$ cat protein-v3.cif   # mmCIF, C-alpha atoms
data_entry
#
loop_
_atom_site.group_PDB
_atom_site.id
_atom_site.type_symbol
_atom_site.label_atom_id
_atom_site.label_comp_id
_atom_site.auth_asym_id
_atom_site.auth_seq_id
_atom_site.Cartn_x
_atom_site.Cartn_y
_atom_site.Cartn_z
ATOM 1 C CA VAL A 1 21.818 13.019 28.889
ATOM 2 C CA PHE A 2 21.153 9.319 29.341
ATOM 3 C CA LEU A 3 22.775 6.728 27.088
ATOM 4 C CA VAL A 4 21.080 3.352 27.121
ATOM 5 C CA PHE A 5 22.730 0.410 25.383
ATOM 6 C CA PHE A 6 21.318 -3.100 25.351
ATOM 7 C CA ALA A 7 23.201 -6.327 24.758
ATOM 8 C CA ILE A 8 22.068 -8.470 21.846
ATOM 9 C CA SER A 9 22.284 -12.163 21.120
ATOM 10 C CA LEU A 10 25.047 -13.259 18.792
ATOM 11 C CA ALA A 11 22.947 -16.066 17.364
ATOM 12 C CA GLU A 12 21.708 -15.445 13.850
ATOM 13 C CA ALA A 13 18.067 -16.391 13.358
ATOM 14 C CA ARG A 14 14.812 -14.889 12.172
ATOM 15 C CA VAL A 15 12.991 -12.505 14.494
ATOM 16 C CA LYS A 16 9.757 -14.451 15.046
ATOM 17 C CA LEU A 17 7.076 -13.465 17.546
ATOM 18 C CA THR A 18 3.570 -14.692 18.408
ATOM 19 C CA TYR A 19 1.819 -12.728 15.662
ATOM 20 C CA SER A 20 4.634 -11.707 13.342
ATOM 21 C CA GLU A 21 8.030 -12.357 11.876
ATOM 22 C CA PHE A 22 10.621 -10.062 10.385
ATOM 23 C CA ILE A 23 12.578 -11.346 7.394
ATOM 24 C CA ASP A 24 15.831 -9.616 6.482
ATOM 25 C CA ALA A 25 19.194 -10.080 4.779
ATOM 26 C CA GLU A 26 20.283 -12.862 7.152
ATOM 27 C CA ASP A 27 17.494 -15.088 5.809
ATOM 28 C CA LEU A 28 18.801 -14.813 2.237
ATOM 29 C CA LYS A 29 22.488 -14.638 3.046
ATOM 30 C CA LEU A 30 23.243 -18.230 2.043
ATOM 31 C CA ALA A 31 20.136 -19.066 0.014
ATOM 32 C CA SER A 32 18.110 -17.459 -2.748
ATOM 33 C CA GLU A 33 14.734 -18.056 -1.081
ATOM 34 C CA THR A 34 13.037 -18.557 2.284
ATOM 35 C CA ASP A 35 9.483 -19.544 3.266
ATOM 36 C CA PHE A 36 7.011 -17.945 5.648
ATOM 37 C CA GLU A 37 3.636 -19.211 6.828
ATOM 38 C CA CYS A 38 0.324 -17.340 6.815
ATOM 39 C CA PRO A 39 -2.157 -19.969 8.093
ATOM 40 C CA LEU A 40 -4.837 -17.342 8.833
ATOM 41 C CA GLY A 41 -3.742 -14.920 6.151
ATOM 42 C CA CYS A 42 -1.390 -12.043 6.867
ATOM 43 C CA MET A 43 -0.301 -8.537 5.962
ATOM 44 C CA VAL A 44 3.152 -7.766 4.587
ATOM 45 C CA TYR A 45 4.981 -4.434 4.704
ATOM 46 C CA SER A 46 8.347 -3.252 3.422
ATOM 47 C CA ALA A 47 10.101 0.085 2.947
ATOM 48 C CA SER A 48 12.912 -1.498 0.904
ATOM 49 C CA GLU A 49 13.328 -0.633 -2.777
ATOM 50 C CA LYS A 50 14.294 -4.097 -4.035
ATOM 51 C CA ALA A 51 12.626 -5.137 -7.303
ATOM 52 C CA ASN A 52 14.570 -8.426 -7.431
ATOM 53 C CA LEU A 53 12.960 -9.691 -4.194
ATOM 54 C CA VAL A 54 9.532 -11.200 -4.850
ATOM 55 C CA ILE A 55 6.839 -12.984 -2.827
ATOM 56 C CA VAL A 56 5.588 -16.201 -4.424
ATOM 57 C CA ASN A 57 2.732 -18.529 -3.438
ATOM 58 C CA LYS A 58 4.644 -21.734 -2.709
ATOM 59 C CA ALA A 59 1.869 -24.098 -3.848
ATOM 60 C CA THR A 60 0.942 -22.375 -7.113
ATOM 61 C CA GLN A 61 4.282 -20.626 -7.789
ATOM 62 C CA GLN A 62 2.301 -17.489 -8.609
ATOM 63 C CA GLU A 63 4.311 -14.306 -8.107
ATOM 64 C CA ILE A 64 2.266 -12.033 -5.838
ATOM 65 C CA THR A 65 4.348 -8.875 -5.532
ATOM 66 C CA SER A 66 7.871 -7.541 -5.246
ATOM 67 C CA ILE A 67 9.376 -5.878 -2.190
ATOM 68 C CA GLN A 68 9.722 -2.690 -4.214
ATOM 69 C CA ASP A 69 6.019 -2.725 -5.101
ATOM 70 C CA LEU A 70 5.201 -3.102 -1.402
ATOM 71 C CA ALA A 71 7.359 -0.082 -0.626
ATOM 72 C CA PHE A 72 5.482 2.073 -3.117
ATOM 73 C CA TYR A 73 1.986 0.572 -2.927
ATOM 74 C CA ASN A 74 0.021 3.587 -1.789
ATOM 75 C CA LYS A 75 -3.647 4.490 -1.485
ATOM 76 C CA THR A 76 -2.763 8.182 -1.482
ATOM 77 C CA GLN A 77 -0.061 10.371 -2.979
ATOM 78 C CA ASP A 78 1.682 10.609 0.393
ATOM 79 C CA LYS A 79 4.742 8.353 0.075
ATOM 80 C CA SER A 80 5.416 8.486 3.808
ATOM 81 C CA TYR A 81 2.765 5.781 4.322
ATOM 82 C CA LEU A 82 3.076 2.006 3.949
ATOM 83 C CA TYR A 83 -0.381 0.464 3.611
ATOM 84 C CA GLY A 84 0.796 -3.119 3.306
ATOM 85 C CA LEU A 85 -0.709 -5.948 1.283
ATOM 86 C CA THR A 86 -3.095 -8.632 2.554
ATOM 87 C CA LEU A 87 -2.163 -12.216 1.649
ATOM 88 C CA MET A 88 -4.603 -15.129 1.690
ATOM 89 C CA PRO A 89 -3.971 -18.160 3.957
ATOM 90 C CA ALA A 90 -1.045 -20.074 2.410
ATOM 91 C CA THR A 91 2.673 -20.716 2.590
ATOM 92 C CA TYR A 92 4.722 -18.119 0.741
ATOM 93 C CA THR A 93 8.292 -17.935 -0.507
ATOM 94 C CA LEU A 94 10.407 -14.808 -0.504
ATOM 95 C CA LYS A 95 12.730 -15.234 -3.473
ATOM 96 C CA ASN A 96 15.775 -13.318 -4.649
ATOM 97 C CA LYS A 97 15.760 -13.504 -8.444
ATOM 98 C CA GLU A 98 19.474 -12.702 -8.478
ATOM 99 C CA GLY A 99 20.397 -15.553 -6.127
ATOM 100 C CA SER A 100 21.850 -15.291 -2.629
ATOM 101 C CA SER A 101 23.557 -11.930 -2.277
ATOM 102 C CA GLY A 102 23.005 -10.639 1.254
ATOM 103 C CA VAL A 103 21.121 -7.624 -0.132
ATOM 104 C CA LEU A 104 19.816 -5.402 2.676
ATOM 105 C CA PHE A 105 16.031 -5.319 3.087
ATOM 106 C CA GLY A 106 13.274 -5.758 5.654
ATOM 107 C CA LEU A 107 9.912 -7.543 5.355
ATOM 108 C CA TYR A 108 7.401 -7.289 8.212
ATOM 109 C CA VAL A 109 4.858 -10.150 8.150
ATOM 110 C CA VAL A 110 1.844 -9.860 10.496
ATOM 111 C CA ALA A 111 -0.870 -12.473 11.100
ATOM 112 C CA ASN A 112 -4.455 -11.420 10.438
ATOM 113 C CA ASP A 113 -5.419 -12.007 14.084
ATOM 114 C CA ALA A 114 -2.685 -9.704 15.436
ATOM 115 C CA PRO A 115 -3.479 -6.711 17.654
ATOM 116 C CA PHE A 116 -3.881 -3.478 15.646
ATOM 117 C CA ILE A 117 -3.871 -5.425 12.350
ATOM 118 C CA GLY A 118 -4.478 -3.400 9.212
ATOM 119 C CA GLN A 119 -3.140 -0.030 10.190
ATOM 120 C CA PRO A 120 -0.724 1.789 7.870
ATOM 121 C CA LEU A 121 2.932 2.268 8.770
ATOM 122 C CA ARG A 122 5.061 5.371 8.293
ATOM 123 C CA VAL A 123 8.420 5.617 6.494
ATOM 124 C CA ALA A 124 11.530 7.296 7.899
ATOM 125 C CA GLU A 125 13.563 8.676 5.005
ATOM 126 C CA ALA A 126 17.328 9.078 5.282
ATOM 127 C CA PHE A 127 18.768 12.574 5.768
ATOM 128 C CA SER A 128 15.441 14.327 6.307
ATOM 129 C CA PHE A 129 13.011 14.950 9.158
ATOM 130 C CA SER A 130 9.250 14.553 8.798
ATOM 131 C CA THR A 131 6.494 15.190 11.321
ATOM 132 C CA PHE A 132 4.087 12.255 11.657
ATOM 133 C CA SER A 133 0.741 12.559 13.444
ATOM 134 C CA THR A 134 -1.839 10.025 14.595
ATOM 135 C CA THR A 135 -5.031 9.710 16.631
ATOM 136 C CA ASN A 136 -4.763 5.904 16.881
ATOM 137 C CA GLY A 137 -2.538 5.825 19.955
ATOM 138 C CA VAL A 138 -0.059 3.515 18.175
ATOM 139 C CA MET A 139 2.335 4.345 15.323
ATOM 140 C CA THR A 140 4.764 1.947 13.621
ATOM 141 C CA ILE A 141 7.677 3.236 11.537
ATOM 142 C CA MET A 142 10.009 1.455 9.106
ATOM 143 C CA THR A 143 13.193 3.024 7.760
ATOM 144 C CA ARG A 144 14.888 3.505 4.413
ATOM 145 C CA GLY A 145 18.034 4.714 6.148
ATOM 146 C CA THR A 146 20.390 3.558 8.896
ATOM 147 C CA GLY A 147 17.714 3.482 11.585
ATOM 148 C CA ILE A 148 14.944 5.593 13.098
ATOM 149 C CA ARG A 149 15.586 8.840 14.973
ATOM 150 C CA MET A 150 12.606 10.244 16.910
ATOM 151 C CA VAL A 151 12.454 13.654 18.596
ATOM 152 C CA THR A 152 9.803 15.986 20.006
ATOM 153 C CA LEU A 153 7.050 13.534 20.875
ATOM 154 C CA ASN A 154 4.135 15.864 21.443
ATOM 155 C CA ALA A 155 0.394 16.148 22.116
ATOM 156 C CA VAL A 156 -2.088 18.740 23.348
ATOM 157 C CA SER A 157 -2.729 16.712 26.505
ATOM 158 C CA GLU A 158 -0.595 14.822 29.001
ATOM 159 C CA MET A 159 0.783 11.459 27.824
ATOM 160 C CA THR A 160 3.688 9.119 28.604
ATOM 161 C CA PRO A 161 4.722 7.387 25.361
ATOM 162 C CA ARG A 162 6.626 4.100 25.161
ATOM 163 C CA ILE A 163 8.806 3.117 22.201
ATOM 164 C CA TYR A 164 9.390 -0.496 21.153
ATOM 165 C CA THR A 165 11.837 -1.800 18.555
ATOM 166 C CA THR A 166 9.153 -4.057 17.075
ATOM 167 C CA GLY A 167 6.059 -3.841 14.911
ATOM 168 C CA TYR A 168 2.629 -2.901 16.231
ATOM 169 C CA ASP A 169 1.616 -6.490 17.032
ATOM 170 C CA ALA A 170 4.259 -6.928 19.734
ATOM 171 C CA VAL A 171 3.282 -4.058 22.033
ATOM 172 C CA SER A 172 0.891 -6.434 23.806
ATOM 173 C CA ASN A 173 2.251 -8.743 26.512
ATOM 174 C CA ALA A 174 2.279 -11.872 24.335
ATOM 175 C CA ASP A 175 6.036 -11.787 23.684
ATOM 176 C CA LYS A 176 7.272 -10.031 26.838
ATOM 177 C CA CYS A 177 8.688 -7.200 24.745
ATOM 178 C CA GLN A 178 10.358 -4.465 26.766
ATOM 179 C CA PRO A 179 10.171 -0.847 25.619
ATOM 180 C CA LEU A 180 13.428 0.818 24.670
ATOM 181 C CA TYR A 181 12.135 4.134 25.999
ATOM 182 C CA THR A 182 9.378 5.210 28.389
ATOM 183 C CA ALA A 183 8.608 8.858 29.080
ATOM 184 C CA ASN A 184 7.617 9.862 32.600
ATOM 185 C CA SER A 185 5.731 12.971 31.452
ATOM 186 C CA LEU A 186 4.758 14.935 28.355
ATOM 187 C CA SER A 187 7.573 17.399 29.082
ATOM 188 C CA HIS A 188 10.070 14.519 29.182
ATOM 189 C CA ALA A 189 8.781 13.229 25.829
ATOM 190 C CA GLN A 190 9.058 16.671 24.248
ATOM 191 C CA GLN A 191 12.726 16.931 25.257
ATOM 192 C CA SER A 192 13.792 13.392 24.320
ATOM 193 C CA GLN A 193 15.696 11.942 21.397
ATOM 194 C CA ILE A 194 15.427 8.211 20.707
ATOM 195 C CA ASP A 195 17.701 6.515 18.156
ATOM 196 C CA VAL A 196 16.664 3.024 17.074
ATOM 197 C CA ILE A 197 19.514 1.346 15.207
ATOM 198 C CA GLY A 198 17.273 -1.115 13.451
ATOM 199 C CA PRO A 199 14.589 -1.411 10.779
ATOM 200 C CA ILE A 200 11.355 -0.881 12.729
ATOM 201 C CA ALA A 201 9.928 0.870 15.787
ATOM 202 C CA THR A 202 6.504 1.375 17.355
ATOM 203 C CA ILE A 203 5.359 4.257 19.541
ATOM 204 C CA CYS A 204 2.547 3.718 22.056
ATOM 205 C CA PHE A 205 1.145 7.092 23.059
ATOM 206 C CA ASP A 206 0.023 6.008 26.533
ATOM 207 C CA GLY A 207 -2.533 8.220 28.226
ATOM 208 C CA LEU A 208 -3.590 9.921 25.001
ATOM 209 C CA PRO A 209 -7.360 10.623 25.086
ATOM 210 C CA SER A 210 -9.479 9.151 22.299
ATOM 211 C CA SER A 211 -9.415 11.144 19.021
ATOM 212 C CA THR A 212 -6.580 13.328 20.325
ATOM 213 C CA THR A 213 -3.637 13.917 17.988
ATOM 214 C CA ALA A 214 -0.082 13.001 18.942
ATOM 215 C CA SER A 215 2.966 13.758 16.808
ATOM 216 C CA VAL A 216 6.660 12.983 16.476
ATOM 217 C CA GLN A 217 9.504 14.213 14.279
ATOM 218 C CA VAL A 218 11.247 11.320 12.521
ATOM 219 C CA SER A 219 14.384 10.797 10.432
ATOM 220 C CA GLY A 220 15.896 7.665 8.907
ATOM 221 C CA ASP A 221 19.446 8.758 9.750
ATOM 222 C CA VAL A 222 20.956 7.878 13.145
ATOM 223 C CA LEU A 223 24.631 8.387 12.268
ATOM 224 C CA THR A 224 24.761 12.176 12.342
ATOM 225 C CA ASP A 225 25.458 13.680 15.746
ATOM 226 C CA PRO A 226 22.579 15.641 17.249
ATOM 227 C CA ARG A 227 23.311 19.369 17.029
ATOM 228 C CA ASP A 228 20.424 20.243 19.340
ATOM 229 C CA MET A 229 21.224 17.896 22.230
ATOM 230 C CA ARG A 230 18.063 16.874 24.045
ATOM 231 C CA ASN A 231 17.649 16.493 27.793
ATOM 232 C CA SER A 232 17.198 12.752 27.309
ATOM 233 C CA LEU A 233 19.034 10.686 24.691
ATOM 234 C CA THR A 234 18.322 6.961 24.269
ATOM 235 C CA ILE A 235 20.201 4.771 21.783
ATOM 236 C CA SER A 236 19.549 1.111 21.054
ATOM 237 C CA SER A 237 22.225 -1.436 20.301
ATOM 238 C CA PRO A 238 22.312 -2.377 16.601
ATOM 239 C CA GLY A 239 19.453 -4.767 15.854
ATOM 240 C CA PHE A 240 17.993 -4.824 19.377
ATOM 241 C CA ASN A 241 14.360 -6.024 19.604
ATOM 242 C CA GLY A 242 13.891 -6.648 23.340
ATOM 243 C CA CYS A 243 11.388 -9.511 23.122
ATOM 244 C CA GLY A 244 11.503 -12.753 25.097
ATOM 245 C CA ASP A 245 14.245 -14.149 27.301
ATOM 246 C CA LYS A 246 16.818 -14.392 24.480
ATOM 247 C CA PRO A 247 16.072 -11.666 21.921
ATOM 248 C CA VAL A 248 17.167 -12.331 18.341
ATOM 249 C CA PRO A 249 18.701 -9.249 16.670
ATOM 250 C CA TYR A 250 17.571 -7.718 13.406
ATOM 251 C CA GLN A 251 19.994 -7.319 10.527
ATOM 252 C CA CYS A 252 21.131 -3.670 10.458
ATOM 253 C CA ASN A 253 22.424 -1.292 7.826
ATOM 254 C CA ILE A 254 25.283 -0.628 10.243
ATOM 255 C CA ASP A 255 27.052 -3.089 12.522
ATOM 256 C CA LYS A 256 29.194 -0.686 14.524
ATOM 257 C CA LEU A 257 28.366 2.552 16.263
ATOM 258 C CA ASP A 258 31.192 4.979 16.946
ATOM 259 C CA ARG A 259 29.772 8.113 18.512
ATOM 260 C CA ARG A 260 31.520 10.503 20.846
ATOM 261 C CA PHE A 261 29.715 12.959 23.081
ATOM 262 C CA VAL A 262 31.005 16.164 24.621
ATOM 263 C CA SER A 263 29.253 17.189 27.807
ATOM 264 C CA ASP A 264 28.782 20.758 28.969
ATOM 265 C CA LEU A 265 31.421 20.119 31.640
ATOM 266 C CA GLU A 266 34.035 19.272 28.996
ATOM 267 C CA GLN A 267 33.475 22.380 26.907
#
$ encode --input "protein-v3.cif" --output "C-alpha cells"
Amino acid sequence: VFLVFFAISLAEARVKLTYSEFIDAEDLKLASETDFECPLGCMVYSASEKANLVIVNKATQQEITSIQDLAFYNKTQDKSYLYGLTLMPATYTLKNKEGSSGVLFGLYVVANDAPFIGQPLRVAEAFSFSTFSTTNGVMTIMTRGTGIRMVTLNAVSEMTPRIYTTGYDAVSNADKCQPLYTANSLSHAQQSQIDVIGPIATICFDGLPSSTTASVQVSGDVLTDPRDMRNSLTISSPGFNGCGDKPVPYQCNIDKLDRRFVSDLEQ
C-alpha cells in the first residue's frame, strides 16, 4: 500500500489555468458576487445543487442560468452526466442571491479553445459506486460528495492511465500539471484505489487504442475506510491541484483527513 500526500499552498486564491478557472466557496466567502471572463466564449459545468447561485451577463444583467440548473441540465435521462452550458463571449458574474455565505459549490469554466472542449463530464454521487465507461481516452469527473474515489480502472487492452486533479483542459503541458497517479501497467490500474480530496479529477487512459472502451468505478465519498484494500492506494491532500510552481488549492468539503490504516503485519 502506498500513501501519497502532497503539500498545498496556504494562500487563498482562485484556481486559474491557461484555458480554465475553477470558482468555489472561497470566491464568495466575503462577497456576494465574483466575475469571470469568457473572451472567446466558454463552457460552464457544475455538480452543485445551489439554486441561489446564478450566472449573470455583466453588461446586460441578464440572468443566464443557476448553478442548480447546470447540475441537472441533461440531454438524456442519465443524471450521471454533466453536459455543461456554452456561454457567448462576454464577462459574466457569479452571484449569490442570498449574499456572502461561504456556501460550498464548484463551477468549472473552460475556454472555447481548450483541449477536449465540449465533452460531457461525469458525476460522483456520495455513498454510492457507479461504473463509468468511455472510448474518448479522457474522462473528467466532478463530485457531489466529499471527493472522488476511483477503483478498478479497466480495459480490454493494455493501458497505463494517469489521474489529474484538474479538468480536462489541463492534461496538456500548458500548465505543467503533474498527475496525482500514474499506473505502470493495466494490472496495476486494476488493483489501485485513488482518493481525490477535491471537487474534480480527470483520467487519461494512456495507451488505449482508438474506439476501445475503458472503465472505472467511482464514488463521491472518500471518508469511509476501504474494506477491500487495494494493492496501491493513493490519496491527495485536501484541495491539491498540482499545476504550476505554486499550486493554488481548491476549496474542499473537508479540511482535515484523519484516517488510520492497519497493515497485515499489525493484525
$ resolve_selection --input "protein-v3.cif" --expression "the PyMOL selection byres ((chain A and resi 70) around 10)" --output "list in words"
Val44, Tyr45, Ser46, Ala47, Ser48, Glu49, Lys50, Ala51, Val54, Thr65, Ser66, Ile67, Gln68, Asp69, Ala71, Phe72, Tyr73, Asn74, Leu82, Tyr83, Gly84, Leu85 and Leu107 of chain A
$ closest_residue --input "protein-v3.cif" --among "A:Ile148, A:Gly207, A:Gln251, A:Gln191" --to "Leu223 of chain A" --atoms "only C-alpha atoms"
A:Ile148
$ atom_distance --input "protein-v3.cif" --atom1 "atom CA of Ala111 of chain A" --atom2 "atom CA of Leu17 of chain A"
10.3 Å
$ closest_residue --input "protein-v3.cif" --among "A:Tyr164, A:Tyr181, A:Phe132, A:Tyr108" --to "Thr234 of chain A" --atoms "all atoms listed in the file"
A:Tyr181
$ resolve_selection --input "protein-v3.cif" --expression "the PyMOL selection byres ((chain A and resi 23-38) around 6)" --output "PyMOL selection string"
chain A and resi 22+39-42+89-96+99-100+102-107
$ write_last_selection --input "protein-v3.cif" --atoms "C-alpha atoms" --output "tab-separated table (two decimals), keeping the file's coordinate frame"
chain	number	residue	atom	x	y	z
A	22	PHE	CA	10.62	-10.06	10.38
A	39	PRO	CA	-2.16	-19.97	8.09
A	40	LEU	CA	-4.84	-17.34	8.83
A	41	GLY	CA	-3.74	-14.92	6.15
A	42	CYS	CA	-1.39	-12.04	6.87
A	89	PRO	CA	-3.97	-18.16	3.96
A	90	ALA	CA	-1.04	-20.07	2.41
A	91	THR	CA	2.67	-20.72	2.59
A	92	TYR	CA	4.72	-18.12	0.74
A	93	THR	CA	8.29	-17.93	-0.51
A	94	LEU	CA	10.41	-14.81	-0.50
A	95	LYS	CA	12.73	-15.23	-3.47
A	96	ASN	CA	15.78	-13.32	-4.65
A	99	GLY	CA	20.40	-15.55	-6.13
A	100	SER	CA	21.85	-15.29	-2.63
A	102	GLY	CA	23.00	-10.64	1.25
A	103	VAL	CA	21.12	-7.62	-0.13
A	104	LEU	CA	19.82	-5.40	2.68
A	105	PHE	CA	16.03	-5.32	3.09
A	106	GLY	CA	13.27	-5.76	5.65
A	107	LEU	CA	9.91	-7.54	5.36
$ closest_residue --input "protein-v3.cif" --among "A:Met150, A:Val110, A:Ala183, A:Leu53" --to "Ala124 of chain A" --atoms "only C-alpha atoms"
A:Met150
$ resolve_selection --input "protein-v3.cif" --expression "the PyMOL selection byres ((chain A and resi 185) around 12)" --output "list of chain:residue names"
A:Leu153, A:Asn154, A:Ala155, A:Ser157, A:Glu158, A:Met159, A:Thr160, A:Pro161, A:Arg162, A:Thr182, A:Ala183, A:Asn184, A:Leu186, A:Ser187, A:His188, A:Ala189, A:Gln190, A:Gln191, A:Ser192, A:Phe205, A:Asp206, A:Gly207, A:Leu208
$ closest_residue --input "protein-v3.cif" --among "A:Pro179, A:Gly244, A:Pro199, A:Gly167" --to "Val222 of chain A" --atoms "all atoms listed in the file"
A:Pro199
$ closest_residue --input "protein-v3.cif" --among "A:Asp169, A:Cys243, A:Thr146, A:Thr131" --to "Gln119 of chain A" --atoms "all atoms listed in the file"
A:Asp169
$ residues_around --input "protein-v3.cif" --residues "Cys204 of chain A" --least-positions-apart "5" --cutoff "8 Å" --atoms "only C-alpha atoms" --output "list in words"
Gly137, Val138, Met139, Pro161, Arg162, Ile163 and Val171 of chain A
$ atom_distance --input "protein-v3.cif" --atom1 "atom CA of Val109 of chain A" --atom2 "atom CA of Asn241 of chain A"
15.4 Å
$ closest_residue --input "protein-v3.cif" --among "A:Thr165, A:Thr202, A:Asn52, A:Ser211" --to "Phe240 of chain A" --atoms "all atoms listed in the file"
A:Thr165
$ atom_distance --input "protein-v3.cif" --atom1 "atom CA of Tyr19 of chain A" --atom2 "atom CA of Ala114 of chain A"
5.4 Å
$ decode --input "protein-v3.cif" --residues "segment 163-209 of chain A" --atoms "C-alpha atoms" --output "tab-separated table (two decimals), in the first residue's frame"
chain	number	residue	atom	x	y	z
A	163	ILE	CA	-5.14	10.81	-12.99
A	164	TYR	CA	-5.05	14.59	-12.59
A	165	THR	CA	-6.85	16.70	-10.00
A	166	THR	CA	-7.95	19.17	-12.69
A	167	GLY	CA	-10.45	19.44	-15.52
A	168	TYR	CA	-9.87	18.00	-18.98
A	169	ASP	CA	-8.22	21.16	-20.35
A	170	ALA	CA	-5.20	20.91	-18.04
A	171	VAL	CA	-3.94	17.46	-19.02
A	172	SER	CA	-1.88	19.11	-21.76
A	173	ASN	CA	1.52	20.59	-20.87
A	174	ALA	CA	0.33	24.22	-20.87
A	175	ASP	CA	0.15	24.50	-17.07
A	176	LYS	CA	2.80	21.96	-16.03
A	177	CYS	CA	0.18	19.93	-14.19
A	178	GLN	CA	1.53	16.80	-12.52
A	179	PRO	CA	-0.60	13.67	-12.31
A	180	LEU	CA	-1.58	12.50	-8.85
A	181	TYR	CA	-1.41	8.89	-10.00
A	182	THR	CA	0.22	7.04	-12.90
A	183	ALA	CA	-0.24	3.31	-13.45
A	184	ASN	CA	2.70	1.29	-14.71
A	185	SER	CA	0.50	-1.44	-16.22
A	186	LEU	CA	-3.12	-2.46	-16.71
A	187	SER	CA	-2.78	-4.90	-13.80
A	188	HIS	CA	-1.57	-2.06	-11.56
A	189	ALA	CA	-4.55	0.09	-12.60
A	190	GLN	CA	-7.00	-2.73	-11.89
A	191	GLN	CA	-5.66	-3.11	-8.33
A	192	SER	CA	-5.43	0.60	-7.46
A	193	GLN	CA	-7.57	2.92	-5.38
A	194	ILE	CA	-7.20	6.67	-5.87
A	195	ASP	CA	-8.87	9.14	-3.49
A	196	VAL	CA	-9.04	12.74	-4.68
A	197	ILE	CA	-10.00	15.02	-1.80
A	198	GLY	CA	-11.25	17.78	-4.03
A	199	PRO	CA	-14.03	18.71	-6.44
A	200	ILE	CA	-12.72	17.49	-9.81
A	201	ALA	CA	-10.48	14.86	-11.40
A	202	THR	CA	-9.54	13.77	-14.92
A	203	ILE	CA	-8.41	10.33	-16.05
A	204	CYS	CA	-6.21	9.98	-19.14
A	205	PHE	CA	-6.38	6.40	-20.37
A	206	ASP	CA	-2.90	6.38	-21.92
A	207	GLY	CA	-2.23	3.66	-24.46
A	208	LEU	CA	-5.90	2.92	-25.04
A	209	PRO	CA	-6.48	2.05	-28.73
